[in-house]
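Asks: One structure coming up, written as structure tokens, with questions to follow.
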Amino acid sequence: MGNSNYKKGTESVWAGEDESFTEGAITSPIVKSVTFSYKDLDEWHDVSLGKKDGYIYSRNTNPTVHVLEEKIRILEGAEAATSFATGMGAISNTLFTFLTPGKKVVSIKDTYGGTSKIFLDFLPTYNVDVELCDTTNHEQLEMEIAKGCDLVYLETPTNPTLKIIDIQRLSFAAKKAGAIVVVDNTFASPINQNPIKLGADLVIHSATKYLCGHSDAMGGVLAGKKDLVQKVFQFREINGASLQADPAYLIARGMKTLELRIERQNASALKIAQYLKAHSKVSDVFYPGLETHPGHSIAKEQMRGFGGMLSFALDGGYELVKKFLPKLKLVHLAASLGSVGTLAGPPRTTSHVELTEEQRKLLGIPESLIRYSVGIENVEDLLEDLESGLASL
Ligand SMILES: *Cc1c(COP(=O)(O)O)cnc(C)c1O
């Protein structure tokens with residue numbers, strides 16, 4: 001499979017599944033073997049040199065892991081894909097492959113917490129110039145890129161206020177400067193957004209989130225131009241942040257229902273955002289599907305759906321959030337996102353706990369903000385849950 005004429009929902013099911021699985025199995029076996037044997041030494045030699053397809057050692061490649069890599073490659077419309085033990089494995093391997101001492105990266109202030117730590121704490125110690133711009137200030141980003149840089153790192157929609165940046169516009173600026181464009185597409189999923197079609201060179205996912213979809217496995221993936229993916233793959237082979245067959249199987253299994261889940265989550269999130277927007281006890285709602293969202297028009301251009309993530313602020317302080325959240329019954333109060341079950345938490349205690357109130361304010365994060373990752377439950381039940389929680393305040 002992997003015929004690009006098929007729609008995404010079809011590819012999610014079939015891509016990577018045309019391996020000749022043993023005994024005609026119709027789902028990929030979990031190949032736990034660490035190593036792969038050869039009777040013919042010439043064949044072994046050719047596979048080792050990459051002249052012939054095959055497997056040598058599971059830190060490098062593995063048949064079960066390959067199924068997952070094929071799915072994401074096809075869904076992102078990429079030439080090549082590789083995988084990692086976690087999303088942060090994908091991000092750190094990609095950044096450290098290309099950002100050697102003396103190089104410059106331009107990115108935004110609102111990247112995922114772990115990514116932001118790499119930019120602020122780690123890359124500078126390797127003498128990499130890191131320029132972080134105000135997230136939606138496209139002029140500032142273009143100016144910084146035009147001064148010359150090696151890599152442009154983007155994320156859209158962002159965590160937790162769902163800011164939107166124009167991938168096509170910034171990819172164009174990056175091309176002119178000769179820089180590689182990397183996009184973290186975790187929040188959107190490949191069903192809603194394909195950065196490569198918009199000009200990006202590489203796209204990253206924390207597969208732990210929507211791709212897996214069930215909060216039971218961790219992984220990361222990278223897809224894009226073959227030579228670039230190959231370079232990161234070679235770095236990962238050696239530093240060892242490889243994905244194992246068991247989580248790869250769970251993620252690939254989760255991906256079979258990706259389109260179904262995302263379509264449901266897109267529709268539910270929009271309904272919930274509209275409901276919250278009209279509620280007197282809610283002071284602000286951040287969802288790119290709302291026409292009042294500052295990034296709505298860009299989102300409409302570059303996304304096919306607005307996603308299952310939203311955030312909202314209660315009309316009050318953090319004390320009110322502490323009262324409200326435990327009242328919700330259909331929500332796990334937990335970190336992470338993109339699961340079948342609804343997850344929620346305040347950025348003040350989760351992703352942005354290490355920042356001061358002042359720093360959160362600079363990022364536009366109210367103290368009473370709640371991030372809400374819509375699951376696949378029936379939306380009527382989720383609305384009722386929110387309604388009774390809000391009514392109790
Ligand atoms: C969770 C997340 C990551 C990190 O992924 P892990 O699998 O937890 O390492 C990176 N980017 C975004 C946008 C995320 O939500």
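Residues are named by chain letter and number: chains run A, B, ... in the order of the structure tokens, numbers start at 1 in each chain, and ligands are numbered from 1 in the order shown.
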Around ligand 1, out to 7 Å and counting only C-alpha atoms and all ligand atoms, which residues are there? I want them as a VMD selection string.
Replies: chain A and resid 86 to 89 112 114 to 115 159 184 to 187 205 to 209 218 to 220 336 to 337
Asks: Restricted to C-alpha atoms, what would the selected residues look like written as a PDB file, in the first residue's frame?
Replies:
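That gives us again35.pdb:
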ATOM      1  CA  THR A  86       9.415   9.805  22.487  1.00  0.00           C
ATOM      2  CA  GLY A  87       8.360  13.068  20.889  1.00  0.00           C
ATOM      3  CA  MET A  88      11.213  14.828  22.667  1.00  0.00           C
ATOM      4  CA  GLY A  89      13.549  12.224  21.170  1.00  0.00           C
ATOM      5  CA  TYR A 112       6.276  23.011  23.693  1.00  0.00           C
ATOM      6  CA  GLY A 114      10.595  20.603  26.490  1.00  0.00           C
ATOM      7  CA  THR A 115      11.494  22.196  23.163  1.00  0.00           C
ATOM      8  CA  ASN A 159       0.257  25.216  23.569  1.00  0.00           C
ATOM      9  CA  ASP A 184       5.989  20.295  15.181  1.00  0.00           C
ATOM     10  CA  ASN A 185       2.586  19.140  13.915  1.00  0.00           C
ATOM     11  CA  THR A 186       1.495  17.331  17.096  1.00  0.00           C
ATOM     12  CA  PHE A 187      -1.507  19.523  17.934  1.00  0.00           C
ATOM     13  CA  HIS A 205       4.976  14.482  15.872  1.00  0.00           C
ATOM     14  CA  SER A 206       4.873  13.425  19.443  1.00  0.00           C
ATOM     15  CA  ALA A 207       3.235  10.102  18.524  1.00  0.00           C
ATOM     16  CA  THR A 208       2.316   9.830  22.205  1.00  0.00           C
ATOM     17  CA  LYS A 209      -0.624  12.159  21.535  1.00  0.00           C
ATOM     18  CA  MET A 218       5.057   6.863  23.832  1.00  0.00           C
ATOM     19  CA  GLY A 219       6.868   7.636  20.618  1.00  0.00           C
ATOM     20  CA  GLY A 220       8.052  10.314  18.238  1.00  0.00           C
ATOM     21  CA  SER A 336      -0.818  15.097  27.903  1.00  0.00           C
ATOM     22  CA  LEU A 337      -3.444  15.372  25.168  1.00  0.00           C
TER      23      LEU A 337
END
Asks: Which residues of segment 139-215 of chain A have any atom within 10 Å of an atom in segment 59-81 of chain A when counting only C-alpha atoms, and what is the closest pair of atoms for each, with the distance in Å to one decimal? Order the rows by chain and rising number and write it as JSON lines.
Replies:
{"residue": "A:Asn185", "atom": "CA", "partner": "A:Glu76", "partner_atom": "CA", "distance": 9.9}
{"residue": "A:Ser189", "atom": "CA", "partner": "A:Glu76", "partner_atom": "CA", "distance": 9.3}
{"residue": "A:Pro190", "atom": "CA", "partner": "A:Glu76", "partner_atom": "CA", "distance": 5.9}
{"residue": "A:Ile191", "atom": "CA", "partner": "A:Leu75", "partner_atom": "CA", "distance": 7.6}
{"residue": "A:Gln193", "atom": "CA", "partner": "A:Glu76", "partner_atom": "CA", "distance": 8.5}
{"residue": "A:Asn194", "atom": "CA", "partner": "A:Glu76", "partner_atom": "CA", "distance": 5.7}
{"residue": "A:Pro195", "atom": "CA", "partner": "A:Glu76", "partner_atom": "CA", "distance": 7.8}
{"residue": "A:Ile196", "atom": "CA", "partner": "A:Glu76", "partner_atom": "CA", "distance": 7.0}
{"residue": "A:Lys197", "atom": "CA", "partner": "A:Gly77", "partner_atom": "CA", "distance": 7.5}
{"residue": "A:Asp201", "atom": "CA", "partner": "A:Ala78", "partner_atom": "CA", "distance": 9.0}
{"residue": "A:Leu202", "atom": "CA", "partner": "A:Ala78", "partner_atom": "CA", "distance": 8.4}
{"residue": "A:Val203", "atom": "CA", "partner": "A:Glu76", "partner_atom": "CA", "distance": 7.9}
{"residue": "A:Ile204", "atom": "CA", "partner": "A:Ala81", "partner_atom": "CA", "distance": 9.7}
{"residue": "A:His205", "atom": "CA", "partner": "A:Ile72", "partner_atom": "CA", "distance": 9.2}
{"residue": "A:Ala207", "atom": "CA", "partner": "A:Ile72", "partner_atom": "CA", "distance": 9.6}
{"residue": "A:Leu211", "atom": "CA", "partner": "A:Ile72", "partner_atom": "CA", "distance": 8.9}
Asks: For the residues in the current selection, export C-alpha atoms as a PDB file, in the first residue's frame.
Replies:
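Okay, this is what ended up in again.pdb:
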ATOM      1  CA  ASN A 185       2.586  19.140  13.915  1.00  0.00           C
ATOM      2  CA  SER A 189      -2.306  15.815  13.488  1.00  0.00           C
ATOM      3  CA  PRO A 190      -1.700  14.865   9.833  1.00  0.00           C
ATOM      4  CA  ILE A 191      -5.453  14.677   9.294  1.00  0.00           C
ATOM      5  CA  GLN A 193      -2.591  19.844   8.616  1.00  0.00           C
ATOM      6  CA  ASN A 194       0.306  18.837   6.354  1.00  0.00           C
ATOM      7  CA  PRO A 195       3.274  21.220   6.783  1.00  0.00           C
ATOM      8  CA  ILE A 196       5.266  19.675   3.914  1.00  0.00           C
ATOM      9  CA  LYS A 197       2.548  20.700   1.451  1.00  0.00           C
ATOM     10  CA  ASP A 201      11.167  20.359   4.917  1.00  0.00           C
ATOM     11  CA  LEU A 202      10.562  18.255   8.012  1.00  0.00           C
ATOM     12  CA  VAL A 203       7.558  17.524  10.198  1.00  0.00           C
ATOM     13  CA  ILE A 204       7.647  16.144  13.735  1.00  0.00           C
ATOM     14  CA  HIS A 205       4.976  14.482  15.872  1.00  0.00           C
ATOM     15  CA  ALA A 207       3.235  10.102  18.524  1.00  0.00           C
ATOM     16  CA  LEU A 211      -1.267   9.271  16.558  1.00  0.00           C
TER      17      LEU A 211
END
Asks: Please, what distance in Å, to one decimal, runs between atom CA of Leu123 of chain A and atom CA of Leu99 of chain A?
Replies: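 Atom CA of Leu99 of chain A lies at a distance of 7.9 Å from atom CA of Leu123 of chain A.
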Asks: Select from segment 324-386 of chain A every residue with an atom at most 10 Å from any atom of segment 293-313 of chain A, then for each give the shortest pair of atoms and their distance in Å to one decimal, using only C-alpha atoms, rows by chain and rising number, as a tab-separated table.
Replies:
residue	atom	partner	partner_atom	distance
A:Leu337	CA	A:Met309	CA	7.9
A:Gly338	CA	A:Gly308	CA	7.3
A:Ser339	CA	A:Gly308	CA	9.7
A:Thr342	CA	A:Gly308	CA	9.7
A:Leu343	CA	A:Met309	CA	9.8
A:Ala344	CA	A:Ser311	CA	9.1
A:Gly345	CA	A:Ser311	CA	9.5
A:Pro346	CA	A:Ser311	CA	9.1
A:Pro347	CA	A:Ser311	CA	9.5
A:Ile365	CA	A:Ala313	CA	9.0
A:Pro366	CA	A:Ala313	CA	6.7
A:Glu367	CA	A:Ala313	CA	7.9
A:Ser368	CA	A:Ala313	CA	5.1
A:Leu369	CA	A:Ala313	CA	4.1
A:Ile370	CA	A:Phe312	CA	5.4
A:Arg371	CA	A:Ser311	CA	4.3
A:Tyr372	CA	A:Leu310	CA	5.4
A:Ser373	CA	A:Met309	CA	4.8
A:Val374	CA	A:Gly308	CA	5.3
A:Gly375	CA	A:Gly308	CA	7.6
A:Ile376	CA	A:Gly308	CA	9.4
Asks: Any idea what the distance is between atom CA of Thr349 of chain A and atom CA of Glu155 of chain A?
Replies: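 Straight-line distance from atom CA of Thr349 of chain A to atom CA of Glu155 of chain A works out to 21.9 Å.
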Asks: Going by DSSP on the backbone, which residues of segment 147-209 of chain A come out as strand (DSSP E)? List them as a list in words.
Replies: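 Secondary structure check on segment 147-209 of chain A, strand (DSSP E): Leu151, Val152, Tyr153, Leu154, Glu155, Ile180, Val181, Val182, Val183, Asp184, Leu202, Val203, Ile204, His205 and Ser206 of chain A.
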Asks: Using DSSP secondary structure from the backbone, list all alpha helix (DSSP H) positions within segment 251-352 of chain A, as a PyMOL selection string.
Replies: chain A and resi 251-255+258-277+296-302+318-324
Asks: Store the residues picked out above, limited to N, CA and C atoms, as a compact mmCIF listing (two decimals), in the first residue's frame.
Replies:
# COMPACT_ATOMS: atom_id res chain seq x y z
N ILE A 251 1.00 2.33 18.60
CA ILE A 251 0.81 3.60 17.88
C ILE A 251 0.24 3.33 16.49
N ALA A 252 0.80 2.33 15.79
CA ALA A 252 0.30 2.01 14.45
C ALA A 252 -1.15 1.55 14.52
N ARG A 253 -1.47 0.81 15.56
CA ARG A 253 -2.86 0.36 15.76
C ARG A 253 -3.76 1.57 16.01
N GLY A 254 -3.31 2.47 16.87
CA GLY A 254 -4.07 3.69 17.13
C GLY A 254 -4.29 4.49 15.85
N MET A 255 -3.28 4.51 14.99
CA MET A 255 -3.38 5.32 13.77
C MET A 255 -4.45 4.83 12.82
N LEU A 258 -7.26 7.01 13.27
CA LEU A 258 -6.89 8.43 13.43
C LEU A 258 -7.93 9.37 12.81
N GLU A 259 -8.32 9.10 11.56
CA GLU A 259 -9.25 10.03 10.91
C GLU A 259 -10.60 10.07 11.62
N LEU A 260 -11.09 8.89 12.02
CA LEU A 260 -12.36 8.83 12.75
C LEU A 260 -12.31 9.67 14.02
N ARG A 261 -11.21 9.48 14.77
CA ARG A 261 -11.09 10.20 16.04
C ARG A 261 -10.96 11.69 15.81
N ILE A 262 -10.12 12.07 14.85
CA ILE A 262 -9.87 13.51 14.63
C ILE A 262 -11.13 14.21 14.14
N GLU A 263 -11.87 13.56 13.24
CA GLU A 263 -13.10 14.19 12.74
C GLU A 263 -14.08 14.43 13.89
N ARG A 264 -14.19 13.43 14.75
CA ARG A 264 -15.07 13.54 15.91
C ARG A 264 -14.59 14.66 16.85
N GLN A 265 -13.28 14.66 17.11
CA GLN A 265 -12.72 15.64 18.04
C GLN A 265 -12.80 17.05 17.48
N ASN A 266 -12.59 17.21 16.17
CA ASN A 266 -12.75 18.53 15.52
C ASN A 266 -14.17 19.06 15.77
N ALA A 267 -15.15 18.21 15.51
CA ALA A 267 -16.55 18.63 15.60
C ALA A 267 -16.94 18.94 17.05
N SER A 268 -16.51 18.07 17.98
CA SER A 268 -16.86 18.27 19.39
C SER A 268 -16.19 19.53 19.94
N ALA A 269 -14.92 19.72 19.60
CA ALA A 269 -14.18 20.88 20.13
C ALA A 269 -14.84 22.19 19.68
N LEU A 270 -15.29 22.22 18.44
CA LEU A 270 -15.93 23.45 17.95
C LEU A 270 -17.22 23.72 18.73
N LYS A 271 -18.00 22.67 18.93
CA LYS A 271 -19.25 22.84 19.69
C LYS A 271 -18.96 23.31 21.11
N ILE A 272 -17.97 22.71 21.74
CA ILE A 272 -17.63 23.06 23.12
C ILE A 272 -17.09 24.48 23.19
N ALA A 273 -16.26 24.85 22.22
CA ALA A 273 -15.71 26.23 22.21
C ALA A 273 -16.84 27.24 22.07
N GLN A 274 -17.78 26.95 21.19
CA GLN A 274 -18.92 27.87 20.99
C GLN A 274 -19.76 27.97 22.26
N TYR A 275 -19.97 26.84 22.90
CA TYR A 275 -20.74 26.82 24.14
C TYR A 275 -20.05 27.66 25.22
N LEU A 276 -18.74 27.44 25.39
CA LEU A 276 -18.00 28.15 26.44
C LEU A 276 -17.94 29.65 26.16
N LYS A 277 -17.80 29.98 24.89
CA LYS A 277 -17.71 31.39 24.47
C LYS A 277 -18.94 32.17 24.93
N HIS A 296 -7.73 32.78 13.12
CA HIS A 296 -8.76 32.00 12.42
C HIS A 296 -8.57 31.96 10.90
N SER A 297 -8.27 33.11 10.31
CA SER A 297 -8.20 33.12 8.83
C SER A 297 -7.00 32.32 8.32
N ILE A 298 -5.87 32.40 9.03
CA ILE A 298 -4.71 31.58 8.62
C ILE A 298 -5.04 30.10 8.83
N ALA A 299 -5.67 29.79 9.97
CA ALA A 299 -6.02 28.40 10.26
C ALA A 299 -6.94 27.86 9.18
N LYS A 300 -7.87 28.68 8.72
CA LYS A 300 -8.81 28.24 7.70
C LYS A 300 -8.09 27.91 6.40
N GLU A 301 -7.02 28.65 6.13
CA GLU A 301 -6.23 28.43 4.91
C GLU A 301 -5.40 27.15 5.00
N GLN A 302 -4.75 26.95 6.15
CA GLN A 302 -3.74 25.87 6.19
C GLN A 302 -4.19 24.59 6.90
N TYR A 318 -7.13 31.63 39.99
CA TYR A 318 -6.76 30.23 40.05
C TYR A 318 -7.58 29.47 41.09
N GLU A 319 -8.00 30.19 42.15
CA GLU A 319 -8.81 29.55 43.20
C GLU A 319 -10.09 28.96 42.61
N LEU A 320 -10.65 29.68 41.63
CA LEU A 320 -11.88 29.21 40.99
C LEU A 320 -11.62 27.94 40.17
N VAL A 321 -10.46 27.90 39.51
CA VAL A 321 -10.08 26.71 38.73
C VAL A 321 -9.98 25.49 39.67
N LYS A 322 -9.42 25.72 40.86
CA LYS A 322 -9.26 24.63 41.83
C LYS A 322 -10.62 24.08 42.27
N LYS A 323 -11.61 24.98 42.31
CA LYS A 323 -12.97 24.53 42.68
C LYS A 323 -13.64 23.82 41.50
N PHE A 324 -13.43 24.37 40.32
CA PHE A 324 -14.16 23.91 39.14
C PHE A 324 -13.70 22.54 38.62
